[in-house]
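Q: Have a peek at work-v6.pdb (PDB, C-alpha atoms and all ligand atoms).
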```pdb
ATOM      1  CA  MET A 178     -27.932  23.445  62.462  1.00  0.00           C
ATOM      2  CA  SER A 179     -27.140  19.770  62.794  1.00  0.00           C
ATOM      3  CA  PRO A 180     -28.318  17.434  60.050  1.00  0.00           C
ATOM      4  CA  ARG A 181     -31.858  16.068  60.336  1.00  0.00           C
ATOM      5  CA  ILE A 182     -30.805  12.573  59.330  1.00  0.00           C
ATOM      6  CA  ALA A 183     -27.886  10.841  61.030  1.00  0.00           C
ATOM      7  CA  ILE A 184     -25.841   8.419  58.953  1.00  0.00           C
ATOM      8  CA  ALA A 185     -25.317   4.955  60.420  1.00  0.00           C
ATOM      9  CA  GLU A 186     -22.849   2.180  59.671  1.00  0.00           C
ATOM     10  CA  THR A 187     -25.735   0.208  58.111  1.00  0.00           C
ATOM     11  CA  ASP A 188     -26.415   2.964  55.535  1.00  0.00           C
ATOM     12  CA  ILE A 189     -24.973   2.901  52.041  1.00  0.00           C
ATOM     13  CA  PHE A 190     -24.940   5.689  49.450  1.00  0.00           C
ATOM     14  CA  ILE A 191     -25.667   4.548  45.874  1.00  0.00           C
ATOM     15  CA  VAL A 192     -24.512   6.952  43.157  1.00  0.00           C
ATOM     16  CA  VAL A 193     -26.477   6.193  39.993  1.00  0.00           C
ATOM     17  CA  ASP A 194     -24.998   6.570  36.506  1.00  0.00           C
ATOM     18  CA  VAL A 195     -23.051   9.855  36.745  1.00  0.00           C
ATOM     19  CA  GLN A 196     -21.533   9.160  33.325  1.00  0.00           C
ATOM     20  CA  ASN A 197     -20.502  11.344  30.397  1.00  0.00           C
ATOM     21  CA  ASP A 198     -23.359  10.229  28.147  1.00  0.00           C
ATOM     22  CA  PHE A 199     -25.925  11.408  30.715  1.00  0.00           C
ATOM     23  CA  CYS A 200     -24.344  14.865  30.943  1.00  0.00           C
ATOM     24  CA  PRO A 201     -24.522  17.783  28.492  1.00  0.00           C
ATOM     25  CA  GLY A 202     -22.254  16.891  25.544  1.00  0.00           C
ATOM     26  CA  GLY A 203     -23.114  13.202  25.896  1.00  0.00           C
ATOM     27  CA  ALA A 204     -25.382  11.004  23.790  1.00  0.00           C
ATOM     28  CA  LEU A 205     -28.381  10.942  26.155  1.00  0.00           C
ATOM     29  CA  PRO A 206     -27.991  14.157  28.098  1.00  0.00           C
ATOM     30  CA  VAL A 207     -29.991  14.762  31.246  1.00  0.00           C
ATOM     31  CA  PRO A 208     -30.493  18.543  31.563  1.00  0.00           C
ATOM     32  CA  GLY A 209     -28.098  19.777  34.263  1.00  0.00           C
ATOM     33  CA  GLY A 210     -26.658  16.295  34.673  1.00  0.00           C
ATOM     34  CA  ASP A 211     -23.114  17.600  35.159  1.00  0.00           C
ATOM     35  CA  GLU A 212     -24.268  19.854  38.013  1.00  0.00           C
ATOM     36  CA  VAL A 213     -24.788  16.998  40.472  1.00  0.00           C
ATOM     37  CA  ALA A 214     -21.189  15.816  40.766  1.00  0.00           C
ATOM     38  CA  PRO A 215     -19.894  18.362  43.339  1.00  0.00           C
ATOM     39  CA  LEU A 216     -22.850  17.780  45.678  1.00  0.00           C
ATOM     40  CA  ILE A 217     -22.637  14.013  45.254  1.00  0.00           C
ATOM     41  CA  ASN A 218     -18.917  14.166  46.137  1.00  0.00           C
ATOM     42  CA  ARG A 219     -19.784  16.005  49.376  1.00  0.00           C
ATOM     43  CA  ILE A 220     -22.578  13.598  50.294  1.00  0.00           C
ATOM     44  CA  ALA A 221     -20.364  10.601  49.535  1.00  0.00           C
ATOM     45  CA  ARG A 222     -17.718  11.892  51.956  1.00  0.00           C
ATOM     46  CA  ALA A 223     -20.345  11.769  54.724  1.00  0.00           C
ATOM     47  CA  PHE A 224     -20.965   8.050  54.114  1.00  0.00           C
ATOM     48  CA  PRO A 225     -18.632   5.276  55.206  1.00  0.00           C
ATOM     49  CA  HIS A 226     -19.903   3.054  52.377  1.00  0.00           C
ATOM     50  CA  VAL A 227     -20.619   3.955  48.757  1.00  0.00           C
ATOM     51  CA  VAL A 228     -21.575   2.035  45.598  1.00  0.00           C
ATOM     52  CA  LEU A 229     -21.337   3.516  42.106  1.00  0.00           C
ATOM     53  CA  THR A 230     -23.556   2.200  39.325  1.00  0.00           C
ATOM     54  CA  GLN A 231     -22.499   2.346  35.692  1.00  0.00           C
ATOM     55  CA  ASP A 232     -24.780   1.868  32.694  1.00  0.00           C
ATOM     56  CA  TRP A 233     -22.696  -0.494  30.536  1.00  0.00           C
ATOM     57  CA  HIS A 234     -24.226  -1.600  27.244  1.00  0.00           C
ATOM     58  CA  PRO A 235     -22.776  -3.760  24.467  1.00  0.00           C
ATOM     59  CA  GLN A 236     -22.977  -2.348  20.945  1.00  0.00           C
ATOM     60  CA  ALA A 237     -26.368  -2.894  19.242  1.00  0.00           C
ATOM     61  CA  HIS A 238     -28.070  -3.128  22.626  1.00  0.00           C
ATOM     62  CA  ALA A 239     -31.832  -3.798  22.475  1.00  0.00           C
ATOM     63  CA  SER A 240     -32.562  -0.419  24.129  1.00  0.00           C
ATOM     64  CA  PHE A 241     -30.891   1.500  21.284  1.00  0.00           C
ATOM     65  CA  ALA A 242     -33.220   2.927  18.610  1.00  0.00           C
ATOM     66  CA  SER A 243     -30.480   2.220  16.040  1.00  0.00           C
ATOM     67  CA  THR A 244     -30.909  -1.524  16.708  1.00  0.00           C
ATOM     68  CA  HIS A 245     -34.530  -1.348  15.450  1.00  0.00           C
ATOM     69  CA  PRO A 246     -34.741  -0.275  11.801  1.00  0.00           C
ATOM     70  CA  GLY A 247     -37.363   2.419  11.216  1.00  0.00           C
ATOM     71  CA  ARG A 248     -37.577   3.368  14.898  1.00  0.00           C
ATOM     72  CA  GLN A 249     -36.699   6.707  16.443  1.00  0.00           C
ATOM     73  CA  ALA A 250     -35.073   7.519  19.755  1.00  0.00           C
ATOM     74  CA  TYR A 251     -37.548   8.222  22.576  1.00  0.00           C
ATOM     75  CA  GLU A 252     -40.285   6.055  20.987  1.00  0.00           C
ATOM     76  CA  THR A 253     -41.668   3.214  23.105  1.00  0.00           C
ATOM     77  CA  ILE A 254     -41.797  -0.318  21.676  1.00  0.00           C
ATOM     78  CA  ASP A 255     -43.030  -3.653  22.982  1.00  0.00           C
ATOM     79  CA  MET A 256     -40.253  -5.996  23.996  1.00  0.00           C
ATOM     80  CA  PRO A 257     -40.836  -9.602  25.115  1.00  0.00           C
ATOM     81  CA  TYR A 258     -40.583  -8.306  28.702  1.00  0.00           C
ATOM     82  CA  GLY A 259     -42.896  -5.285  28.224  1.00  0.00           C
ATOM     83  CA  PRO A 260     -42.747  -1.687  26.980  1.00  0.00           C
ATOM     84  CA  GLN A 261     -39.300  -0.218  26.445  1.00  0.00           C
ATOM     85  CA  VAL A 262     -38.289   3.342  25.590  1.00  0.00           C
ATOM     86  CA  LEU A 263     -35.749   3.395  22.761  1.00  0.00           C
ATOM     87  CA  TRP A 264     -32.705   5.533  23.483  1.00  0.00           C
ATOM     88  CA  PRO A 265     -29.906   7.008  21.436  1.00  0.00           C
ATOM     89  CA  ASP A 266     -26.820   4.748  21.552  1.00  0.00           C
ATOM     90  CA  HIS A 267     -25.278   5.509  24.952  1.00  0.00           C
ATOM     91  CA  CYS A 268     -22.880   4.150  27.568  1.00  0.00           C
ATOM     92  CA  VAL A 269     -21.327   1.639  25.201  1.00  0.00           C
ATOM     93  CA  GLN A 270     -18.844  -0.504  27.115  1.00  0.00           C
ATOM     94  CA  ALA A 271     -15.345   0.962  27.383  1.00  0.00           C
ATOM     95  CA  THR A 272     -16.135   4.191  25.537  1.00  0.00           C
ATOM     96  CA  TRP A 273     -15.807   7.795  26.751  1.00  0.00           C
ATOM     97  CA  GLY A 274     -19.589   8.040  27.063  1.00  0.00           C
ATOM     98  CA  ALA A 275     -19.639   5.196  29.580  1.00  0.00           C
ATOM     99  CA  ASP A 276     -16.871   6.711  31.726  1.00  0.00           C
ATOM    100  CA  PHE A 277     -17.814   8.444  34.944  1.00  0.00           C
ATOM    101  CA  HIS A 278     -17.968  12.236  34.611  1.00  0.00           C
ATOM    102  CA  LYS A 279     -14.562  13.668  35.465  1.00  0.00           C
ATOM    103  CA  ALA A 280     -16.000  15.837  38.247  1.00  0.00           C
ATOM    104  CA  LEU A 281     -17.219  12.752  40.114  1.00  0.00           C
ATOM    105  CA  LYS A 282     -14.657  12.026  42.808  1.00  0.00           C
ATOM    106  CA  VAL A 283     -15.545   9.166  45.137  1.00  0.00           C
ATOM    107  CA  PRO A 284     -12.272   7.321  45.739  1.00  0.00           C
ATOM    108  CA  HIS A 285     -13.648   5.308  48.661  1.00  0.00           C
ATOM    109  CA  ALA A 286     -16.482   3.705  46.616  1.00  0.00           C
ATOM    110  CA  GLU A 287     -16.379   0.011  47.457  1.00  0.00           C
ATOM    111  CA  LEU A 288     -18.246  -1.410  44.452  1.00  0.00           C
ATOM    112  CA  VAL A 289     -18.897  -0.385  40.852  1.00  0.00           C
ATOM    113  CA  LEU A 290     -22.055  -2.190  39.789  1.00  0.00           C
ATOM    114  CA  ARG A 291     -22.381  -2.403  36.003  1.00  0.00           C
ATOM    115  CA  LYS A 292     -25.812  -2.941  34.524  1.00  0.00           C
ATOM    116  CA  GLY A 293     -27.417  -3.261  31.104  1.00  0.00           C
ATOM    117  CA  HIS A 294     -24.735  -5.643  29.822  1.00  0.00           C
ATOM    118  CA  HIS A 295     -27.206  -8.252  28.503  1.00  0.00           C
ATOM    119  CA  ARG A 296     -27.809  -7.355  24.865  1.00  0.00           C
ATOM    120  CA  GLU A 297     -31.513  -8.315  24.889  1.00  0.00           C
ATOM    121  CA  ILE A 298     -32.625  -6.664  28.157  1.00  0.00           C
ATOM    122  CA  ASP A 299     -32.327  -3.130  29.448  1.00  0.00           C
ATOM    123  CA  SER A 300     -31.677  -2.495  33.134  1.00  0.00           C
ATOM    124  CA  TYR A 301     -32.792   0.770  34.687  1.00  0.00           C
ATOM    125  CA  SER A 302     -32.698  -0.633  38.205  1.00  0.00           C
ATOM    126  CA  ALA A 303     -29.395  -1.614  39.782  1.00  0.00           C
ATOM    127  CA  PHE A 304     -31.228  -4.586  41.367  1.00  0.00           C
ATOM    128  CA  PHE A 305     -33.232  -6.182  38.509  1.00  0.00           C
ATOM    129  CA  GLU A 306     -33.121  -5.923  34.752  1.00  0.00           C
ATOM    130  CA  ASN A 307     -36.203  -4.605  32.948  1.00  0.00           C
ATOM    131  CA  ASP A 308     -37.747  -8.090  32.733  1.00  0.00           C
ATOM    132  CA  ARG A 309     -38.132  -7.501  36.513  1.00  0.00           C
ATOM    133  CA  LYS A 310     -36.749 -11.035  37.089  1.00  0.00           C
ATOM    134  CA  THR A 311     -33.049 -11.130  36.260  1.00  0.00           C
ATOM    135  CA  PRO A 312     -31.110 -10.051  39.360  1.00  0.00           C
ATOM    136  CA  THR A 313     -27.862  -8.098  39.162  1.00  0.00           C
ATOM    137  CA  GLY A 314     -26.621  -9.497  42.487  1.00  0.00           C
ATOM    138  CA  LEU A 315     -26.750  -6.146  44.289  1.00  0.00           C
ATOM    139  CA  ALA A 316     -29.422  -7.257  46.784  1.00  0.00           C
ATOM    140  CA  GLY A 317     -27.288 -10.206  47.868  1.00  0.00           C
ATOM    141  CA  TYR A 318     -24.231  -7.975  48.175  1.00  0.00           C
ATOM    142  CA  LEU A 319     -26.041  -5.449  50.364  1.00  0.00           C
ATOM    143  CA  ARG A 320     -27.711  -8.084  52.529  1.00  0.00           C
ATOM    144  CA  GLU A 321     -24.551 -10.071  53.033  1.00  0.00           C
ATOM    145  CA  ARG A 322     -22.829  -6.913  54.200  1.00  0.00           C
ATOM    146  CA  GLY A 323     -25.673  -6.054  56.567  1.00  0.00           C
ATOM    147  CA  PHE A 324     -26.885  -2.788  55.037  1.00  0.00           C
ATOM    148  CA  ILE A 325     -30.384  -1.711  56.067  1.00  0.00           C
ATOM    149  CA  ARG A 326     -30.873   1.626  54.327  1.00  0.00           C
ATOM    150  CA  VAL A 327     -29.863   2.844  50.876  1.00  0.00           C
ATOM    151  CA  VAL A 328     -29.591   6.543  50.076  1.00  0.00           C
ATOM    152  CA  LEU A 329     -29.557   7.355  46.362  1.00  0.00           C
ATOM    153  CA  ALA A 330     -28.596  10.212  44.065  1.00  0.00           C
ATOM    154  CA  GLY A 331     -27.588  10.625  40.429  1.00  0.00           C
ATOM    155  CA  LEU A 332     -29.046  10.323  36.932  1.00  0.00           C
ATOM    156  CA  ALA A 333     -31.736  10.150  35.885  1.00  0.00           C
ATOM    157  CA  LEU A 334     -34.170  10.628  38.767  1.00  0.00           C
ATOM    158  CA  ASP A 335     -37.142   9.514  36.650  1.00  0.00           C
ATOM    159  CA  TYR A 336     -35.448   6.370  35.250  1.00  0.00           C
ATOM    160  CA  CYS A 337     -32.515   4.648  36.898  1.00  0.00           C
ATOM    161  CA  VAL A 338     -32.679   6.396  40.287  1.00  0.00           C
ATOM    162  CA  ARG A 339     -36.429   5.810  40.513  1.00  0.00           C
ATOM    163  CA  TRP A 340     -36.307   2.138  39.505  1.00  0.00           C
ATOM    164  CA  THR A 341     -33.383   1.408  41.820  1.00  0.00           C
ATOM    165  CA  ALA A 342     -35.011   3.133  44.803  1.00  0.00           C
ATOM    166  CA  GLU A 343     -38.320   1.351  44.217  1.00  0.00           C
ATOM    167  CA  ASP A 344     -36.696  -2.054  43.953  1.00  0.00           C
ATOM    168  CA  ALA A 345     -34.763  -1.344  47.148  1.00  0.00           C
ATOM    169  CA  ARG A 346     -38.084  -0.851  48.955  1.00  0.00           C
ATOM    170  CA  ARG A 347     -39.631  -3.963  47.384  1.00  0.00           C
ATOM    171  CA  LEU A 348     -36.608  -5.929  48.564  1.00  0.00           C
ATOM    172  CA  GLY A 349     -37.113  -4.725  52.128  1.00  0.00           C
ATOM    173  CA  PHE A 350     -34.483  -1.987  52.416  1.00  0.00           C
ATOM    174  CA  SER A 351     -35.259   1.492  53.674  1.00  0.00           C
ATOM    175  CA  ALA A 352     -34.647   3.968  50.870  1.00  0.00           C
ATOM    176  CA  ALA A 353     -34.202   7.717  50.494  1.00  0.00           C
ATOM    177  CA  VAL A 354     -33.507   9.804  47.388  1.00  0.00           C
ATOM    178  CA  VAL A 355     -31.503  13.032  47.697  1.00  0.00           C
ATOM    179  CA  GLU A 356     -33.528  15.051  45.221  1.00  0.00           C
ATOM    180  CA  ASP A 357     -31.232  18.040  44.812  1.00  0.00           C
ATOM    181  CA  ALA A 358     -28.389  15.636  43.938  1.00  0.00           C
ATOM    182  CA  CYS A 359     -30.433  14.198  41.030  1.00  0.00           C
ATOM    183  CA  ARG A 360     -31.644  15.506  37.677  1.00  0.00           C
ATOM    184  CA  SER A 361     -34.527  14.194  35.520  1.00  0.00           C
ATOM    185  CA  LEU A 362     -34.918  13.495  31.822  1.00  0.00           C
ATOM    186  CA  ASP A 363     -38.608  14.438  32.149  1.00  0.00           C
ATOM    187  CA  LEU A 364     -40.043  12.726  29.059  1.00  0.00           C
ATOM    188  CA  SER A 365     -43.823  13.241  28.888  1.00  0.00           C
ATOM    189  CA  GLY A 366     -44.346  13.802  32.580  1.00  0.00           C
ATOM    190  CA  SER A 367     -41.920  11.161  33.828  1.00  0.00           C
ATOM    191  CA  ALA A 368     -40.474  13.404  36.553  1.00  0.00           C
ATOM    192  CA  ALA A 369     -43.858  14.011  38.227  1.00  0.00           C
ATOM    193  CA  ALA A 370     -44.753  10.324  37.820  1.00  0.00           C
ATOM    194  CA  ALA A 371     -41.485   9.365  39.491  1.00  0.00           C
ATOM    195  CA  ARG A 372     -42.091  11.584  42.520  1.00  0.00           C
ATOM    196  CA  GLU A 373     -45.603  10.190  42.955  1.00  0.00           C
ATOM    197  CA  SER A 374     -44.510   6.580  42.612  1.00  0.00           C
ATOM    198  CA  LEU A 375     -41.521   6.978  44.941  1.00  0.00           C
ATOM    199  CA  ARG A 376     -43.785   8.378  47.622  1.00  0.00           C
ATOM    200  CA  ALA A 377     -46.329   5.584  47.160  1.00  0.00           C
ATOM    201  CA  LEU A 378     -43.595   2.995  47.683  1.00  0.00           C
ATOM    202  CA  GLY A 379     -42.296   4.627  50.842  1.00  0.00           C
ATOM    203  CA  VAL A 380     -39.098   6.102  49.426  1.00  0.00           C
ATOM    204  CA  ASP A 381     -38.197   9.259  51.381  1.00  0.00           C
ATOM    205  CA  CYS A 382     -37.410  12.277  49.226  1.00  0.00           C
ATOM    206  CA  ILE A 383     -34.828  14.306  51.111  1.00  0.00           C
ATOM    207  CA  ALA A 384     -32.412  17.184  50.447  1.00  0.00           C
ATOM    208  CA  ALA A 385     -28.635  17.143  50.831  1.00  0.00           C
ATOM    209  CA  ASN A 386     -29.030  19.556  53.747  1.00  0.00           C
ATOM    210  CA  ASP A 387     -30.869  16.868  55.678  1.00  0.00           C
ATOM    211  CA  ILE A 388     -27.645  14.834  55.723  1.00  0.00           C
ATOM    212  CA  LEU A 389     -24.798  17.353  55.579  1.00  0.00           C
TER     213      LEU A 389
HETATM  214  C1  LIG A 401     -30.784   5.615  32.012  1.00  0.00           C
HETATM  215  C2  LIG A 401     -32.031   5.645  30.101  1.00  0.00           C
HETATM  216  C3  LIG A 401     -31.271   4.621  29.567  1.00  0.00           C
HETATM  217  C4  LIG A 401     -30.529   6.204  33.369  1.00  0.00           C
HETATM  218  C5  LIG A 401     -30.022   4.582  31.502  1.00  0.00           C
HETATM  219  O1  LIG A 401     -29.402   6.065  33.886  1.00  0.00           O
HETATM  220  O2  LIG A 401     -31.462   6.825  33.928  1.00  0.00           O
HETATM  221  N1  LIG A 401     -31.788   6.129  31.319  1.00  0.00           N
HETATM  222  N2  LIG A 401     -30.267   4.103  30.276  1.00  0.00           N
HETATM  223 ZN    ZN A 402     -28.956   2.699  29.325  1.00  0.00          ZN
END
```
Turn this file's structure into structure tokens for me.
A:
Amino acid sequence: MSPRIAIAETDIFIVVDVQNDFCPGGALPVPGGDEVAPLINRIARAFPHVVLTQDWHPQAHASFASTHPGRQAYETIDMPYGPQVLWPDHCVQATWGADFHKALKVPHAELVLRKGHHREIDSYSAFFENDRKTPTGLAGYLRERGFIRVVLAGLALDYCVRWTAEDARRLGFSAAVVEDACRSLDLSGSAAAARESLRALGVDCIAANDIL
């Protein structure tokens, strides 16, 4: 059977945060996170253009529970920009945890977009930080290069993949998430909430088979 969705020159594949700390053995493991790499490698080979995103925090980042005395990981606190889940220390710049998982092999990726490098603001989305105002520059990059549709996969579906896909739609791109090439953290129903919200914003949820 031929694929349901044809890939065009104006499509770009965005691989979200396939890093050691989001895989089993890492500091903020997404269940099954390491399983997505082989499928992502295959999907990436079908795309002429690929971007990798990399969560890239300084030490004592505001999203780390350890930065807030008396707070525990996975609690939510109020930050000046709104509610923020506190995470275990993860993806600290230039550490093993921040490296891409060794099974991820996308040599033709054209851009590595690092996010979360401002100490005071987290950044789930690859387009805007969690204040929803500070741009990363990715929208300008994609527009200047003439991309129309973004296809996303990676970790975690219910955080960084979701927020990136939703911002892509708000910015006027078409967006699709390859669900079987993602895994979720699923904290208190966040996976179901993500699916609902993605649909409401017009993000297509597809399977790798639709492309390959
Ligand atoms: C992520 C929590 C904290 C993600 C990043 O990549 O989904 N989640 N930082
Ligand atoms: Zn992070």
Q: Fewer than 2 positions away in the same chain doesn't count, so skip those; otherwise give me all residues within 7 Å of A:Ala384, counting only C-alpha atoms, as number ranges by chain.
A: A: 355-357, 386-387
Q: Residues contacting ligand ZN 402 (chain A) - anything with an atom at most 10 Å away, using all atoms listed in the file - can you give me those as a PyMOL selection string?
A: chain A and resi 194+198-199+205+231-234+238-241+263-269+275+292-294+299-301+336-337
Q: Go through the shown structure with the PyMOL selection byres (((chain A and resi 345) around 12) and not hetatm) and write out the matching residues as a ChimeraX atom specification.
A: /A:189,191,302-305,315-317,319-320,324-329,338-344,346-354,375,378-381
Q: Considering all atoms listed in the file, can you say which of A:Leu216, A:Ile184, A:Leu281, A:Val192 comes closest to ligand LIG 401 (chain A)?
A: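 Counting all atoms listed in the file, the residue closest to ligand LIG 401 (chain A) is A:Val192.
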Q: If I take atom CA of A:Pro206 and atom CA of A:Leu290, how far is one from the other in Å, to one decimal?
A: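 So the two atoms, atom CA of A:Pro206 and atom CA of A:Leu290, lie 21.0 Å apart.
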Q: I'd like to know which of A:Ser179, A:Ser365, A:Gln261, A:Ser374 is closest to ligand LIG 401 (chain A), using only C-alpha atoms and all ligand atoms.
A: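 Among A:Ser179, A:Ser365, A:Gln261, A:Ser374, it is A:Gln261 that comes nearest to ligand LIG 401 (chain A).
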Q: Leaving out A:Pro215 and any residue of its chain fewer than 4 positions from it, which residues lie within 10 Å of it when counting only C-alpha atoms, given as a PDB file with C-alpha atoms, in the frame of the given file?
A:
```pdb
ATOM      1  CA  ASP A 211     -23.114  17.600  35.159  1.00  0.00           C
ATOM      2  CA  ARG A 219     -19.784  16.005  49.376  1.00  0.00           C
ATOM      3  CA  ILE A 220     -22.578  13.598  50.294  1.00  0.00           C
ATOM      4  CA  ALA A 221     -20.364  10.601  49.535  1.00  0.00           C
ATOM      5  CA  ALA A 280     -16.000  15.837  38.247  1.00  0.00           C
ATOM      6  CA  LEU A 281     -17.219  12.752  40.114  1.00  0.00           C
ATOM      7  CA  LYS A 282     -14.657  12.026  42.808  1.00  0.00           C
ATOM      8  CA  ALA A 358     -28.389  15.636  43.938  1.00  0.00           C
TER       9      ALA A 358
END
```
Q: Which one of A:Ser361, A:Thr311, A:Thr230, A:Thr187 sits closest to A:Ala333 if you count all atoms listed in the file?
A: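 Nearest to A:Ala333: A:Ser361.
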Q: I need the residue nearest A:Leu229 from this list: A:Ala377, A:Ala369, A:Ala286, A:Thr313. Use only C-alpha atoms for the distance.
A: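 Among A:Ala377, A:Ala369, A:Ala286, A:Thr313, it is A:Ala286 that comes nearest to A:Leu229.
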Q: If the PyMOL selection byres (((chain A and resi 251) around 7) and not hetatm) were run on this exact file, what residues would it hold? Put them as a PyMOL selection string.
A: chain A and resi 249-250+252-253+262-264
Q: Mind pulling up the distance from atom CA of A:Gln236 to atom CA of A:Lys279?
A: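 Atom CA of A:Gln236 lies 23.2 Å from atom CA of A:Lys279.
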Q: Reconstruct N, CA and C atoms of stretch 323-337 of chain A; output as a PDB file, keeping the file's coordinate frame.
A:
```pdb
ATOM      1  N   GLY A 323     -24.894  -6.538  55.429  1.00  0.00           N
ATOM      2  CA  GLY A 323     -25.673  -6.054  56.567  1.00  0.00           C
ATOM      3  C   GLY A 323     -26.243  -4.655  56.428  1.00  0.00           C
ATOM      4  N   PHE A 324     -26.309  -4.122  55.206  1.00  0.00           N
ATOM      5  CA  PHE A 324     -26.885  -2.788  55.037  1.00  0.00           C
ATOM      6  C   PHE A 324     -28.402  -2.833  55.188  1.00  0.00           C
ATOM      7  N   ILE A 325     -28.945  -1.795  55.796  1.00  0.00           N
ATOM      8  CA  ILE A 325     -30.384  -1.711  56.067  1.00  0.00           C
ATOM      9  C   ILE A 325     -31.030  -0.609  55.235  1.00  0.00           C
ATOM     10  N   ARG A 326     -30.304   0.491  55.059  1.00  0.00           N
ATOM     11  CA  ARG A 326     -30.873   1.626  54.327  1.00  0.00           C
ATOM     12  C   ARG A 326     -29.981   2.017  53.164  1.00  0.00           C
ATOM     13  N   VAL A 327     -30.600   2.298  52.011  1.00  0.00           N
ATOM     14  CA  VAL A 327     -29.863   2.844  50.876  1.00  0.00           C
ATOM     15  C   VAL A 327     -30.317   4.293  50.659  1.00  0.00           C
ATOM     16  N   VAL A 328     -29.345   5.141  50.406  1.00  0.00           N
ATOM     17  CA  VAL A 328     -29.591   6.543  50.076  1.00  0.00           C
ATOM     18  C   VAL A 328     -29.075   6.716  48.663  1.00  0.00           C
ATOM     19  N   LEU A 329     -29.904   7.317  47.791  1.00  0.00           N
ATOM     20  CA  LEU A 329     -29.557   7.355  46.362  1.00  0.00           C
ATOM     21  C   LEU A 329     -29.498   8.775  45.825  1.00  0.00           C
ATOM     22  N   ALA A 330     -28.640   8.963  44.815  1.00  0.00           N
ATOM     23  CA  ALA A 330     -28.596  10.212  44.065  1.00  0.00           C
ATOM     24  C   ALA A 330     -28.010   9.895  42.700  1.00  0.00           C
ATOM     25  N   GLY A 331     -28.202  10.807  41.739  1.00  0.00           N
ATOM     26  CA  GLY A 331     -27.588  10.625  40.429  1.00  0.00           C
ATOM     27  C   GLY A 331     -28.560  10.862  39.292  1.00  0.00           C
ATOM     28  N   LEU A 332     -28.355  10.096  38.208  1.00  0.00           N
ATOM     29  CA  LEU A 332     -29.046  10.323  36.932  1.00  0.00           C
ATOM     30  C   LEU A 332     -29.663   9.024  36.430  1.00  0.00           C
ATOM     31  N   ALA A 333     -30.791   9.059  35.829  1.00  0.00           N
ATOM     32  CA  ALA A 333     -31.736  10.150  35.885  1.00  0.00           C
ATOM     33  C   ALA A 333     -32.760   9.824  36.959  1.00  0.00           C
ATOM     34  N   LEU A 334     -33.223  10.857  37.672  1.00  0.00           N
ATOM     35  CA  LEU A 334     -34.170  10.628  38.767  1.00  0.00           C
ATOM     36  C   LEU A 334     -35.381   9.825  38.309  1.00  0.00           C
ATOM     37  N   ASP A 335     -35.881  10.128  37.100  1.00  0.00           N
ATOM     38  CA  ASP A 335     -37.142   9.514  36.650  1.00  0.00           C
ATOM     39  C   ASP A 335     -36.929   8.168  35.938  1.00  0.00           C
ATOM     40  N   TYR A 336     -35.703   7.705  35.815  1.00  0.00           N
ATOM     41  CA  TYR A 336     -35.448   6.370  35.250  1.00  0.00           C
ATOM     42  C   TYR A 336     -34.613   5.541  36.229  1.00  0.00           C
ATOM     43  N   CYS A 337     -33.320   5.614  36.129  1.00  0.00           N
ATOM     44  CA  CYS A 337     -32.515   4.648  36.898  1.00  0.00           C
ATOM     45  C   CYS A 337     -32.533   4.894  38.399  1.00  0.00           C
TER      46      CYS A 337
END
```
